[in-house]
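**Student:** Sharing start_19.csv below, CSV, C-alpha atoms:
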```csv
chain,number,residue,atom,x,y,z
R,176,MET,CA,74.9,149.0,81.6
R,177,SER,CA,76.8,149.4,78.4
R,178,ILE,CA,75.6,150.0,74.8
R,179,GLY,CA,77.3,148.0,72.1
R,180,GLU,CA,78.4,149.3,68.8
R,181,SER,CA,74.9,148.8,67.5
R,182,GLY,CA,73.5,151.2,70.1
R,183,LYS,CA,70.8,148.7,70.8
R,184,PRO,CA,69.9,146.9,74.1
R,185,ARG,CA,71.8,143.6,74.2
R,186,ALA,CA,70.4,140.2,75.4
R,187,VAL,CA,72.6,137.3,76.6
R,188,VAL,CA,70.7,134.4,75.2
R,189,LEU,CA,71.3,130.9,76.6
R,190,LEU,CA,71.8,128.9,73.4
R,191,SER,CA,71.5,125.1,73.5
R,192,GLY,CA,71.3,124.7,69.8
R,193,GLY,CA,67.8,123.4,69.8
R,194,LEU,CA,64.9,125.1,68.0
R,195,ASP,CA,63.4,126.9,71.0
R,196,SER,CA,66.6,128.7,71.9
R,197,MET,CA,67.3,129.6,68.3
R,198,LEU,CA,63.8,131.1,67.9
R,199,ALA,CA,64.2,133.1,71.2
R,200,ALA,CA,67.4,134.6,69.8
R,201,GLU,CA,65.9,135.3,66.4
R,202,LEU,CA,62.7,136.8,67.9
R,203,LEU,CA,64.7,139.2,70.0
R,204,ARG,CA,66.7,140.2,67.0
R,205,ARG,CA,63.5,141.0,65.2
R,206,CYS,CA,62.5,143.1,68.2
R,207,GLY,CA,65.5,145.3,67.6
R,208,VAL,CA,67.7,143.7,70.3
R,209,ASP,CA,71.4,142.9,69.9
R,210,VAL,CA,72.0,139.3,70.7
R,211,VAL,CA,75.0,137.4,72.0
R,212,GLY,CA,74.7,133.6,72.7
R,213,LEU,CA,76.0,131.8,75.7
R,214,ALA,CA,76.5,128.0,75.8
R,215,PHE,CA,77.8,125.6,78.3
R,216,ARG,CA,79.6,122.3,78.4
R,217,SER,CA,80.2,119.6,81.1
R,218,PRO,CA,80.8,115.8,81.0
R,219,PHE,CA,77.1,115.4,80.3
R,220,PHE,CA,76.6,117.8,77.4
R,221,GLY,CA,78.7,119.7,74.9
R,222,SER,CA,78.5,122.9,73.0
R,223,ALA,CA,78.7,121.7,69.4
R,224,LYS,CA,75.0,122.1,68.7
R,225,ALA,CA,75.1,125.6,70.1
R,226,GLU,CA,78.1,126.5,68.0
R,227,ARG,CA,76.4,125.3,64.8
R,228,ALA,CA,73.2,127.2,65.8
R,229,ALA,CA,75.2,130.5,66.4
R,230,LEU,CA,76.8,130.1,62.9
R,231,ARG,CA,73.4,129.6,61.3
R,232,LEU,CA,72.0,132.7,63.1
R,233,GLY,CA,75.1,134.8,62.6
R,234,ILE,CA,75.5,135.7,66.2
R,235,PRO,CA,78.6,135.7,68.5
R,236,LEU,CA,78.8,132.9,71.0
R,237,ARG,CA,80.6,132.5,74.3
R,238,VAL,CA,81.2,128.9,75.6
R,239,GLU,CA,81.7,128.3,79.3
R,240,ASP,CA,82.8,125.0,81.0
R,241,ILE,CA,80.7,124.5,84.1
R,242,THR,CA,81.9,121.0,85.0
R,243,GLU,CA,82.7,121.5,88.7
R,244,PRO,CA,79.5,123.3,89.8
R,245,HIS,CA,77.5,121.0,87.6
R,246,LEU,CA,78.9,117.9,89.2
R,247,GLU,CA,77.9,119.2,92.6
R,248,ILE,CA,74.3,119.7,91.6
R,249,VAL,CA,74.1,116.3,89.9
R,250,LYS,CA,75.3,114.7,93.2
R,251,ASN,CA,73.0,116.7,95.4
R,252,PRO,CA,70.2,118.7,93.5
R,253,ARG,CA,68.3,121.1,95.7
R,254,PHE,CA,65.1,120.7,93.6
R,255,GLY,CA,65.5,117.0,92.8
R,256,TYR,CA,65.8,115.0,89.6
R,257,GLY,CA,63.6,114.6,86.6
R,258,LYS,CA,62.7,111.2,85.2
R,259,ASN,CA,66.3,110.0,85.2
R,260,LEU,CA,69.3,111.8,86.8
R,261,ASN,CA,68.6,115.2,85.2
R,262,PRO,CA,68.5,118.0,87.9
R,263,CYS,CA,66.9,120.4,85.3
R,264,ILE,CA,65.7,123.1,87.7
R,265,ASP,CA,69.1,123.3,89.4
R,266,CYS,CA,70.9,123.1,86.1
R,267,HIS,CA,68.8,125.9,84.6
R,268,SER,CA,69.4,128.0,87.7
R,269,LEU,CA,73.2,127.4,87.4
R,270,MET,CA,73.3,128.4,83.8
R,271,VAL,CA,71.2,131.6,84.3
R,272,GLY,CA,73.3,132.5,87.3
R,273,LYS,CA,76.4,132.1,85.2
R,274,ALA,CA,74.9,134.3,82.6
R,275,LEU,CA,74.2,136.9,85.2
R,276,GLU,CA,77.9,136.8,86.3
R,277,LEU,CA,79.0,137.3,82.7
R,278,MET,CA,76.4,139.8,81.7
R,279,GLU,CA,78.6,142.9,82.2
R,280,GLU,CA,81.5,141.3,80.5
R,281,LEU,CA,79.3,140.4,77.5
R,282,GLY,CA,77.7,143.9,77.5
R,283,GLY,CA,74.3,142.4,78.2
R,284,TRP,CA,71.3,144.3,79.6
R,285,PHE,CA,69.2,141.2,80.3
R,286,ILE,CA,69.1,137.4,80.0
R,287,ALA,CA,66.8,135.4,77.7
R,288,THR,CA,66.2,131.7,77.3
R,289,GLY,CA,64.1,129.5,74.9
R,290,GLU,CA,62.0,128.0,77.7
R,291,VAL,CA,58.4,127.4,76.9
R,292,LEU,CA,55.7,127.4,79.6
R,293,GLY,CA,54.4,123.8,80.0
R,294,GLU,CA,56.7,122.2,77.4
R,295,ARG,CA,58.4,120.1,80.1
R,296,PRO,CA,56.2,119.1,83.0
R,297,LYS,CA,58.8,119.3,85.8
R,298,SER,CA,61.2,122.0,84.7
R,299,GLN,CA,59.1,124.4,82.7
R,300,ASN,CA,55.9,124.7,84.7
R,301,ARG,CA,55.1,128.1,86.1
R,302,GLN,CA,56.5,127.4,89.5
R,303,ALA,CA,59.7,126.0,88.1
R,304,LEU,CA,60.3,129.0,85.9
R,305,GLU,CA,59.8,131.3,88.9
R,306,LEU,CA,62.2,129.1,91.0
R,307,VAL,CA,64.9,129.5,88.3
R,308,ALA,CA,64.5,133.3,88.1
R,309,ARG,CA,64.7,133.6,91.9
R,310,HIS,CA,67.3,130.9,92.7
R,311,SER,CA,69.7,132.1,90.0
R,312,GLY,CA,69.6,135.7,91.2
R,313,ALA,CA,68.4,137.0,87.8
R,314,GLY,CA,64.9,137.9,89.0
R,315,ASP,CA,63.0,140.0,86.5
R,316,LEU,CA,66.1,140.4,84.3
R,317,LEU,CA,65.3,136.9,82.9
R,318,LEU,CA,63.0,137.0,79.9
R,319,ARG,CA,61.4,134.0,78.2
R,320,PRO,CA,60.4,135.6,74.8
R,321,LEU,CA,58.5,132.6,73.5
R,322,SER,CA,56.0,132.6,76.4
R,323,ALA,CA,56.5,136.1,77.8
R,324,ARG,CA,52.9,137.2,77.3
R,325,LEU,CA,51.7,134.4,79.6
R,326,LEU,CA,54.2,135.2,82.3
R,327,PRO,CA,54.7,138.2,84.7
R,328,GLU,CA,56.1,141.3,83.1
R,329,THR,CA,59.9,141.5,83.2
R,330,ARG,CA,62.3,144.5,83.5
R,331,PRO,CA,63.1,144.4,79.7
R,332,GLU,CA,59.4,144.9,79.0
R,333,LYS,CA,58.9,147.6,81.7
R,334,GLU,CA,62.0,149.5,80.6
R,335,GLY,CA,60.9,149.4,77.0
R,336,TRP,CA,63.9,147.4,75.8
R,337,VAL,CA,61.4,145.1,74.2
R,338,ARG,CA,57.7,145.6,73.6
R,339,ARG,CA,55.5,143.0,75.3
R,340,GLU,CA,53.2,142.9,72.3
R,341,ASP,CA,56.1,141.8,70.1
R,342,LEU,CA,56.7,138.8,72.3
R,343,LEU,CA,54.9,135.4,72.1
R,344,ASP,CA,52.4,133.4,74.1
R,345,ILE,CA,53.4,129.8,73.2
R,346,SER,CA,52.7,127.1,75.8
R,347,GLY,CA,52.4,123.3,76.0
R,348,ARG,CA,54.3,120.4,74.7
R,349,SER,CA,53.3,120.7,71.0
R,350,ARG,CA,56.0,122.2,68.9
R,351,ARG,CA,53.8,123.1,66.0
R,352,ARG,CA,54.0,126.9,66.4
R,353,GLN,CA,57.7,126.7,66.8
R,354,MET,CA,58.1,124.8,63.6
R,355,GLU,CA,55.8,127.2,61.8
R,356,LEU,CA,57.9,130.1,63.0
R,357,ALA,CA,61.1,128.4,61.9
R,358,MET,CA,59.6,128.0,58.4
R,359,GLU,CA,58.4,131.6,58.3
R,360,TRP,CA,61.8,133.0,59.5
R,361,GLY,CA,63.9,130.7,57.3
R,362,ILE,CA,65.4,128.6,60.0
R,363,GLU,CA,65.5,125.3,58.1
R,364,ASP,CA,68.4,123.5,59.8
R,365,TYR,CA,68.0,122.9,63.5
R,366,GLU,CA,68.7,120.1,65.9
R,367,SER,CA,66.3,117.5,67.3
R,368,PRO,CA,65.1,118.4,70.8
R,369,ALA,CA,66.2,115.0,72.0
R,370,GLY,CA,69.6,113.8,73.0
R,371,GLY,CA,71.2,117.0,74.3
R,372,CYS,CA,71.9,115.9,77.8
R,373,LEU,CA,73.2,112.4,78.8
R,374,LEU,CA,71.5,112.8,82.2
R,375,THR,CA,68.1,112.3,80.5
R,376,ASP,CA,69.2,109.0,79.0
R,377,PRO,CA,68.1,106.0,81.1
R,378,GLY,CA,71.0,103.8,80.2
R,379,PHE,CA,73.6,106.4,81.1
R,380,SER,CA,71.7,107.4,84.2
R,381,SER,CA,71.9,103.8,85.4
R,382,ARG,CA,75.7,103.7,84.9
R,383,LEU,CA,76.1,107.1,86.7
R,384,ARG,CA,73.9,106.0,89.6
R,385,GLN,CA,76.1,103.0,90.2
R,386,LEU,CA,79.1,105.3,90.2
R,387,MET,CA,77.4,107.7,92.6
R,388,ASP,CA,76.4,104.9,95.0
R,389,ARG,CA,79.9,103.4,95.1
R,390,VAL,CA,82.0,106.6,94.8
R,391,PRO,CA,80.0,109.6,96.2
R,392,GLY,CA,83.0,111.9,95.6
R,393,PHE,CA,83.5,111.0,92.0
R,394,ASP,CA,85.1,113.7,89.8
R,395,ARG,CA,85.1,114.8,86.1
R,396,TYR,CA,87.5,112.0,85.1
R,397,ASP,CA,85.2,109.4,86.5
R,398,ALA,CA,82.1,111.0,84.9
R,399,GLU,CA,83.8,110.9,81.5
R,400,LEU,CA,84.8,107.3,82.0
R,401,VAL,CA,81.3,106.0,82.6
R,402,LYS,CA,80.3,107.2,79.2
R,403,MET,CA,82.7,104.7,77.6
R,404,GLY,CA,82.5,101.0,76.5
R,405,ARG,CA,81.1,98.1,78.5
R,406,GLN,CA,81.0,98.6,82.2
R,407,PHE,CA,81.5,96.1,85.0
R,408,TRP,CA,82.0,96.5,88.8
R,409,VAL,CA,84.1,94.0,90.8
R,410,GLU,CA,84.2,95.1,94.5
R,411,GLU,CA,85.9,98.6,94.4
R,412,THR,CA,87.1,98.3,90.8
R,413,LEU,CA,85.4,99.6,87.7
R,414,ILE,CA,86.3,97.6,84.6
R,415,VAL,CA,85.7,99.4,81.2
R,416,LEU,CA,86.0,97.3,78.0
R,417,GLY,CA,86.3,98.9,74.6
R,418,ARG,CA,83.7,97.8,72.1
R,419,ARG,CA,85.6,98.8,69.0
R,420,HIS,CA,88.9,100.2,67.8
R,421,GLU,CA,87.9,103.8,68.4
R,422,GLU,CA,86.9,103.1,72.0
R,423,ASN,CA,90.1,101.3,72.6
R,424,LEU,CA,91.9,104.4,71.6
R,425,LYS,CA,89.7,106.7,73.6
R,426,ILE,CA,90.0,104.5,76.7
R,427,ARG,CA,93.8,104.7,76.5
R,428,GLU,CA,93.6,108.4,76.2
R,429,MET,CA,91.4,108.6,79.3
R,430,ALA,CA,93.6,106.4,81.4
R,431,LEU,CA,95.0,108.0,84.6
R,432,PRO,CA,98.4,107.1,86.0
R,433,SER,CA,96.8,105.0,88.7
R,434,ASP,CA,94.7,103.0,86.2
R,435,LEU,CA,95.6,99.6,84.8
R,436,LEU,CA,95.3,98.9,81.1
R,437,LEU,CA,95.1,95.3,80.0
R,438,ARG,CA,94.8,93.3,76.7
R,439,GLU,CA,95.0,89.8,75.5
R,440,ARG,CA,98.6,88.6,75.2
R,441,ASP,CA,98.8,87.2,71.6
R,442,ARG,CA,95.7,88.6,69.7
R,443,PRO,CA,94.2,92.0,68.9
R,444,GLY,CA,91.0,92.7,70.7
R,445,PRO,CA,89.5,94.9,73.3
R,446,THR,CA,91.4,97.1,75.8
R,447,ALA,CA,90.3,96.9,79.4
R,448,LEU,CA,90.8,99.8,81.8
R,449,LEU,CA,90.7,99.0,85.5
R,450,ARG,CA,90.1,101.9,87.9
R,451,ARG,CA,90.1,101.1,91.6
R,452,PHE,CA,88.5,103.3,94.2
R,453,PRO,CA,89.7,105.1,96.1
R,454,ARG,CA,92.1,105.8,93.3
R,455,GLY,CA,95.7,104.6,93.7
R,456,GLY,CA,95.2,101.1,95.0
R,457,GLU,CA,95.9,97.9,93.1
R,458,PRO,CA,92.9,96.0,91.7
R,459,SER,CA,92.2,92.8,93.6
R,460,GLU,CA,92.9,89.3,92.3
R,461,LYS,CA,89.2,88.8,91.8
R,462,ALA,CA,89.1,92.0,89.6
R,463,LEU,CA,92.1,90.8,87.5
R,464,GLU,CA,90.5,87.4,87.0
R,465,GLU,CA,87.2,89.0,85.9
R,466,ALA,CA,89.1,91.4,83.5
R,467,ALA,CA,90.8,88.4,81.9
R,468,ARG,CA,87.5,86.5,81.6
R,469,LEU,CA,85.8,89.5,80.0
R,470,LEU,CA,88.7,90.2,77.6
R,471,GLY,CA,88.3,86.6,76.3
R,472,ILE,CA,84.6,86.6,76.1
R,473,TYR,CA,84.5,89.8,74.1
R,474,GLY,CA,87.7,89.1,72.1
R,475,LYS,CA,88.2,87.0,69.1
R,476,GLN,CA,88.2,83.7,71.0
R,477,LYS,CA,84.9,84.2,72.6
R,478,ARG,CA,86.0,82.2,75.6
R,479,PRO,CA,87.1,83.2,79.1
R,480,LEU,CA,90.8,83.8,79.5
R,481,SER,CA,93.0,83.3,82.5
R,482,PRO,CA,95.2,86.1,84.0
R,483,GLU,CA,98.2,84.4,82.5
R,484,GLU,CA,96.8,85.1,79.0
R,485,ILE,CA,96.6,88.9,79.4
R,486,ILE,CA,99.3,91.5,79.6
R,487,PRO,CA,99.4,95.2,80.6
R,488,CYS,CA,99.6,97.7,77.8
R,489,ASP,CA,100.8,101.3,78.1
R,490,LEU,CA,99.9,104.6,76.4
R,491,GLY,CA,102.9,104.3,74.1
R,492,GLY,CA,102.4,100.8,72.9
R,493,GLU,CA,100.8,99.5,69.7
R,494,VAL,CA,97.1,99.9,69.6
R,495,GLU,CA,95.1,96.8,68.9
R,496,GLU,CA,93.2,96.3,65.7
R,497,ARG,CA,89.4,96.6,65.7
R,498,ALA,CA,87.8,94.1,68.0
R,499,GLU,CA,85.2,91.8,66.5
R,500,PRO,CA,81.7,93.1,67.3
R,501,SER,CA,79.7,91.1,69.9
R,502,SER,CA,76.0,91.0,70.2
R,503,SER,CA,76.1,90.5,74.0
R,504,GLY,CA,76.6,93.2,76.8
```
Could I get this file's structure written as structure tokens?
**Tutor:**
Amino acid sequence: MSIGESGKPRAVVLLSGGLDSMLAAELLRRCGVDVVGLAFRSPFFGSAKAERAALRLGIPLRVEDITEPHLEIVKNPRFGYGKNLNPCIDCHSLMVGKALELMEELGGWFIATGEVLGERPKSQNRQALELVARHSGAGDLLLRPLSARLLPETRPEKEGWVRREDLLDISGRSRRRQMELAMEWGIEDYESPAGGCLLTDPGFSSRLRQLMDRVPGFDRYDAELVKMGRQFWVEETLIVLGRRHEENLKIREMALPSDLLLRERDRPGPTALLRRFPRGGEPSEKALEEAARLLGIYGKQKRPLSPEEIIPCDLGGEVEERAEPSSSG
């Protein structure tokens, strides 16, 4: 265990950028603990909110990419999914376990999160919190400062690194106490609790489930692609259609060497990316016919096209102008 320049105990706080994790970090700081933030990113969530939160709090932040292990738990979660495809207990365990691995490097004495007892029915009930502590390997080095007085005593409390009476006893789904604390502590600018993870979104979860069912061994490039545009499956081929100029650009950037990019021959409009699974094979004639049909329907002509009316486009060619918006699909 190392002591930082401040001479204080140091906590590695999992910082999502939401209000709860910001309050946990600020509470520990008010308890005389040195705080370093730790945030994660994968195809399903980023670190931008955490980076903004760290700046607001004035604390250092480490960002770690956990794409590969996160994909594995999304495909096969030990503790199951939430309402959609969010394996929250497995995900929290992964993050806390990663914090444990980095604790010595970050000079941490213990790990803290902003979890609140009972705030989320599946992932923050008492049993789930115990599972995360045990399954991650952190055990009693894991402190939940916002609900600590309702939970078993942890090592930071036993060792006197923090005083139990200085910690809180928040529980339940109401965020009234958190908002009152934020006002009291001058935390005025914080992110909404919703929208942090795409796996909680029903629409995205539906797309991802189709990919999982058809391509069980999908990778990070496939996971990124299903976030984009309009999606259509034809046999073993995924067709992705850009909905606007920016998506056309992004789809071209995401294209792999084995993908096929198509556009209408004589008019600006959507870009279509065709990815056949297993990767490397040629799209079928049926997939090409469907891509042509879709390019016409969602293009300026608003009518199906034939394969003779579309052409390949490459990464170095001119990019189409903004496609006209369509109300369908």
**Student:** For CA of Leu342 in chain R and CA of Leu202 in chain R, determine how far apart the two atoms are, in Å to one decimal place.
**Tutor:** 7.7 Å
**Student:** Calculate how many Å separate CA of Asp240 in chain R from CA of Ala225 in chain R, rounding to one decimal.
**Tutor:**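 CA of Ala225 in chain R lies at a distance of 13.4 Å from CA of Asp240 in chain R.
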**Student:** Between R:Met429, R:Leu198, R:Leu316, R:Cys266, single out the one closest to Leu246 in chain R, counting all atoms listed in the file.
**Tutor:**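 Smallest distance to Leu246 in chain R is found for R:Cys266.
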**Student:** Do a neighbour search on Glu428 in chain R at 12 Å with all atoms listed in the file, toss out local chain neighbours closer than 2 positions, and write the hits as a VMD selection string.
**Tutor:** chain R and resid 396 399 to 400 403 421 to 426 430 to 432 434 436 446 448 489 to 491 494
**Student:** Can you measure CA of Lys183 in chain R to CA of Arg227 in chain R for me? One decimal in Å is fine.
**Tutor:**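 Spanning CA of Lys183 in chain R to CA of Arg227 in chain R is a straight-line distance of 24.8 Å.
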**Student:** Excluding range 345-348 of chain R and residues on its chain fewer than 2 positions from it, collect all residues at most 6 Å away from it, counting all atoms listed in the file, and give them as a list in words.
**Tutor:**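 Those residues are Val291, Leu292, Gly293, Glu294, Leu321, Ser322 and Leu343 of chain R.
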**Student:** Would you save the residues of that selection, restricted to C-alpha atoms, as a compact mmCIF listing (two decimals), in the frame of the given file?
**Tutor:**
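Okay, this is what ended up in again_36.txt:
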```txt
# COMPACT_ATOMS: atom_id res chain seq x y z
CA VAL R 291 58.40 127.40 76.90
CA LEU R 292 55.70 127.40 79.60
CA GLY R 293 54.40 123.80 80.00
CA GLU R 294 56.70 122.20 77.40
CA LEU R 321 58.50 132.60 73.50
CA SER R 322 56.00 132.60 76.40
CA LEU R 343 54.90 135.40 72.10
```
**Student:** Rank R:Lys273, R:Arg450, R:Arg205, R:Arg319 by their smallest atom-to-atom distance to Glu410 in chain R, using all atoms listed in the file, and report the top residue only.
**Tutor:**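 Among the listed residues, R:Arg450 lies closest to Glu410 in chain R.
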**Student:** From the set R:Leu317, R:Val249, R:Ile234, R:Ala223, which residue has the shortest atom-to-atom contact distance to Thr329 in chain R, counting only C-alpha atoms?
**Tutor:**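 Looking only at the distances to Thr329 in chain R, the closest residue turns out to be R:Leu317.
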**Student:** Tell me which of R:Ala200, R:Leu437, R:Cys372, R:Ala447 sits closest to Glu483 in chain R, counting all atoms listed in the file.
**Tutor:**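 Among the listed residues, the smallest separation from Glu483 in chain R belongs to R:Leu437.
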**Student:** So which residues touch Leu236 in chain R within 7 Å, counting all atoms listed in the file, skipping near sequence neighbours fewer than 3 positions away, as a list in words?
**Tutor:**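 Surrounding residues, per the criterion: Val211, Gly212, Leu213 and Ala229 of chain R.
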**Student:** Create the file for the chosen residues now, containing C-alpha atoms and written as a compact mmCIF listing (two decimals), keeping the file's coordinate frame.
**Tutor:**
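Saved result, again-v5.txt, follows:
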```txt
# COMPACT_ATOMS: atom_id res chain seq x y z
CA VAL R 211 75.00 137.40 72.00
CA GLY R 212 74.70 133.60 72.70
CA LEU R 213 76.00 131.80 75.70
CA ALA R 229 75.20 130.50 66.40
```
**Student:** Given only C-alpha atoms as the basis, pick out the residue of R:Arg442, R:Lys333, R:Arg419, R:Arg204 nearest to Ile485 in chain R.
**Tutor:**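 Smallest distance to Ile485 in chain R is found for R:Arg442.
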**Student:** Mind checking which residues fall within 12 Å of Leu306 in chain R, counting only C-alpha atoms, ignoring those fewer than 3 positions away in the same chain, and posting them as a list in words?
**Tutor:**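 Residues near the query, excluding close chain neighbours: Arg253, Phe254, Cys263, Ile264, Asp265, Cys266, His267, Ser268, Leu269, Val271, Lys297, Ser298, Gln299, Asn300, Arg301, Gln302, Ala303, Arg309, His310, Ser311, Gly312, Ala313, Gly314, Asp315 and Leu317 of chain R.
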**Student:** Rank nothing, just name the residue among R:Leu373, R:Ala287, R:Ile362, R:Leu318 nearest to Ala228 in chain R, using all atoms listed in the file.
**Tutor:** R:Ile362
**Student:** I need every residue sitting at most 12 Å from the point (84.2, 121.4, 90.6) (coordinates as in the file, all atoms listed in the file considered), written as a PyMOL selection string.
**Tutor:** chain R and resi 217-218+240-250+392-396
**Student:** Need the shell around Gly371 in chain R: protein/DNA/RNA residues with any atom at most 9 Å away, counting all atoms listed in the file. Skip same-chain ones fewer than 5 positions apart. Format as a PyMOL selection string?
**Tutor:** chain R and resi 191-193+219-221+224
**Student:** Taking (78.0, 137.7, 81.0) in the file's coordinates, which residues come within 12 Å, counting all atoms listed in the file, written as JSON, numbers by chain?
**Tutor:** {"R": [176, 185, 186, 187, 188, 189, 211, 212, 213, 214, 236, 237, 238, 239, 270, 271, 272, 273, 274, 275, 276, 277, 278, 279, 280, 281, 282, 283, 284, 285, 286, 287, 313]}
